[in-house]
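Okay, structure first, notes after.
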Amino acid sequence: MKLHHETAAVFVPDRIPVGDALGRITHLGIGAHQDDLELMAFHGILACYGRGDLWFGGITCADGSGSSRAGFYAGFTDAEMRAVRRREQNAAAVVGHYGVMIQLDHPSRVIKSASDPSLKDDLGRIFGRMRPQVVYTHNPADKHETHIGVAVAAIEALRQLPRDRRPPKVWGCEVWRSLDWLPDGEKVLMDVSGRDNLAAAISGVFDSQIAGGKRYDAAAIGRRCANATFFESHATDKATQLIFGMDLSPLVEDPSRDIVEYVTGFVRRTEREIREKLSARLGRTAGASIGERT
């Protein structure tokens, strides 16, 4: 499998042939940076952990050179940081029992580019060797531009697959923007309760980020706990840890659908829900503009 960068690497923790490793993947995570998979696609990692019939595969798109650094890592060069981040990601793959871990080594500027197709092309080559049933990637409403670039490239590459090879489930996940704002009926609910130890173990290997000033491990656990507790106001918690997702499957099923209109449609429906509830309390019609009383 020829990828765009010679420095791209495919790591198979249990050392079976690469073709076999790719072919067994049932749950695939596509993240921008090293540790994004562990934060957003833990549902897939957990679903496959310890199973012989289900396998999680990871793709990390960025090279890691722009990572934050402080303390012990403050003086690291970009090249040194890239090497550290790659090692950490492979260590997480070992701890999480991944079926394969692919690091594409693209600079962030390429991922964010609207005119450079190299990431989409790499993803297309990989998808041609896999048949995952569930794909996790960033949600296109994320506030991180590199994350948005990965989400768009993943959607575009999946759309180019023959219809019978497109995965039935494609979910956009939380990292730099929570999906609590989605209408409840449109949230993809990923229950990851009861495995805080595994979540801590796979996130804890990213020492360059934790010691370097970003407690992503603690923040992710806190968000999942908050999602579970605040999801329903009039019922006891059915889960202790929830990850929210945005369903991107319709964008893959129908390549003619506009990505911008699809994603902002969630925003419009959330606005409508807020308007209806607040307007009812204030005695206004939901369609009235601000300052316009009925």
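Scheme for the structure tokens: letters A, B, ... for chains in order shown; per-chain residue numbers from 1; ligand numbers from 1 in order shown.
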Give me the residues near Val267 (chain A) as a ChimeraX atom specification, where near means some atom within 12 Å (using only C-alpha atoms) and where sequence neighbours in that chain fewer than 6 positions away do not count.
/A:141,179-183,186,246,260-261,273-274
Residues flagged helix (DSSP H, G or I) by DSSP in region 56-177 of chain A, as a PyMOL selection string:
chain A and resi 71-73+78-95+108-112+118-127+145-159+163-165
Pick from A:Leu28, A:Gly149, A:Leu104, A:Lys214, whichever lies nearest to Pro167 (chain A) using only C-alpha atoms
A:Leu28
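Shortest atom-to-atom contact with Gln103 (chain A) among A:Phe244, A:Phe11, A:Phe231, A:Tyr216: A:Phe11, counting only C-alpha atoms.
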Near-Ile243 (chain A) list (9 Å; only C-alpha atoms; drop same-chain fewer than 2 positions) as an mmCIF file with N, CA and C atoms, in the first residue's frame:
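Result went into part-v5.cif, see below:
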data_model
loop_
_atom_site.group_PDB
_atom_site.id
_atom_site.type_symbol
_atom_site.label_atom_id
_atom_site.label_comp_id
_atom_site.auth_asym_id
_atom_site.auth_seq_id
_atom_site.Cartn_x
_atom_site.Cartn_y
_atom_site.Cartn_z
ATOM 1 N N MET A 40 -11.729 10.445 21.362
ATOM 2 C CA MET A 40 -13.030 10.496 20.680
ATOM 3 C C MET A 40 -13.569 9.135 20.277
ATOM 4 N N ALA A 41 -12.724 8.150 20.045
ATOM 5 C CA ALA A 41 -13.170 6.857 19.511
ATOM 6 C C ALA A 41 -13.038 5.736 20.532
ATOM 7 N N PHE A 42 -13.076 6.104 21.810
ATOM 8 C CA PHE A 42 -12.943 5.079 22.856
ATOM 9 C C PHE A 42 -14.055 4.040 22.772
ATOM 10 N N HIS A 43 -15.216 4.433 22.287
ATOM 11 C CA HIS A 43 -16.317 3.490 22.121
ATOM 12 C C HIS A 43 -15.918 2.320 21.227
ATOM 13 N N CYS A 173 -17.224 12.743 16.145
ATOM 14 C CA CYS A 173 -17.091 12.677 17.604
ATOM 15 C C CYS A 173 -16.578 13.979 18.227
ATOM 16 N N GLU A 174 -16.633 14.015 19.548
ATOM 17 C CA GLU A 174 -16.255 15.201 20.317
ATOM 18 C C GLU A 174 -14.758 15.238 20.609
ATOM 19 N N LEU A 179 -20.573 17.949 21.845
ATOM 20 C CA LEU A 179 -21.793 17.825 21.056
ATOM 21 C C LEU A 179 -23.039 17.818 21.942
ATOM 22 N N VAL A 188 -25.870 10.652 18.633
ATOM 23 C CA VAL A 188 -25.447 9.258 18.677
ATOM 24 C C VAL A 188 -24.893 9.037 20.085
ATOM 25 N N LEU A 189 -25.485 8.118 20.831
ATOM 26 C CA LEU A 189 -25.085 7.879 22.216
ATOM 27 C C LEU A 189 -24.134 6.694 22.278
ATOM 28 N N MET A 190 -22.930 6.945 22.772
ATOM 29 C CA MET A 190 -21.916 5.892 22.889
ATOM 30 C C MET A 190 -21.627 5.665 24.368
ATOM 31 N N ASP A 191 -22.154 4.567 24.890
ATOM 32 C CA ASP A 191 -22.012 4.243 26.303
ATOM 33 C C ASP A 191 -20.652 3.578 26.543
ATOM 34 N N VAL A 192 -19.799 4.234 27.320
ATOM 35 C CA VAL A 192 -18.478 3.677 27.625
ATOM 36 C C VAL A 192 -18.311 3.533 29.138
ATOM 37 N N ARG A 223 -15.779 15.036 30.690
ATOM 38 C CA ARG A 223 -16.832 15.301 29.710
ATOM 39 C C ARG A 223 -17.781 14.117 29.594
ATOM 40 N N ARG A 224 -17.247 12.912 29.558
ATOM 41 C CA ARG A 224 -18.100 11.721 29.447
ATOM 42 C C ARG A 224 -19.017 11.585 30.653
ATOM 43 N N CYS A 225 -18.488 11.874 31.829
ATOM 44 C CA CYS A 225 -19.293 11.817 33.044
ATOM 45 C C CYS A 225 -20.387 12.880 33.001
ATOM 46 N N ASN A 227 -21.687 14.283 30.335
ATOM 47 C CA ASN A 227 -22.667 13.897 29.319
ATOM 48 C C ASN A 227 -23.710 12.938 29.889
ATOM 49 N N ALA A 228 -23.236 11.959 30.659
ATOM 50 C CA ALA A 228 -24.142 10.955 31.213
ATOM 51 C C ALA A 228 -25.091 11.571 32.238
ATOM 52 N N GLN A 241 -20.835 7.006 31.859
ATOM 53 C CA GLN A 241 -19.914 7.640 30.913
ATOM 54 C C GLN A 241 -20.542 7.592 29.518
ATOM 55 N N GLY A 245 -22.089 11.637 19.676
ATOM 56 C CA GLY A 245 -21.625 11.665 18.295
ATOM 57 C C GLY A 245 -22.646 12.333 17.389
#
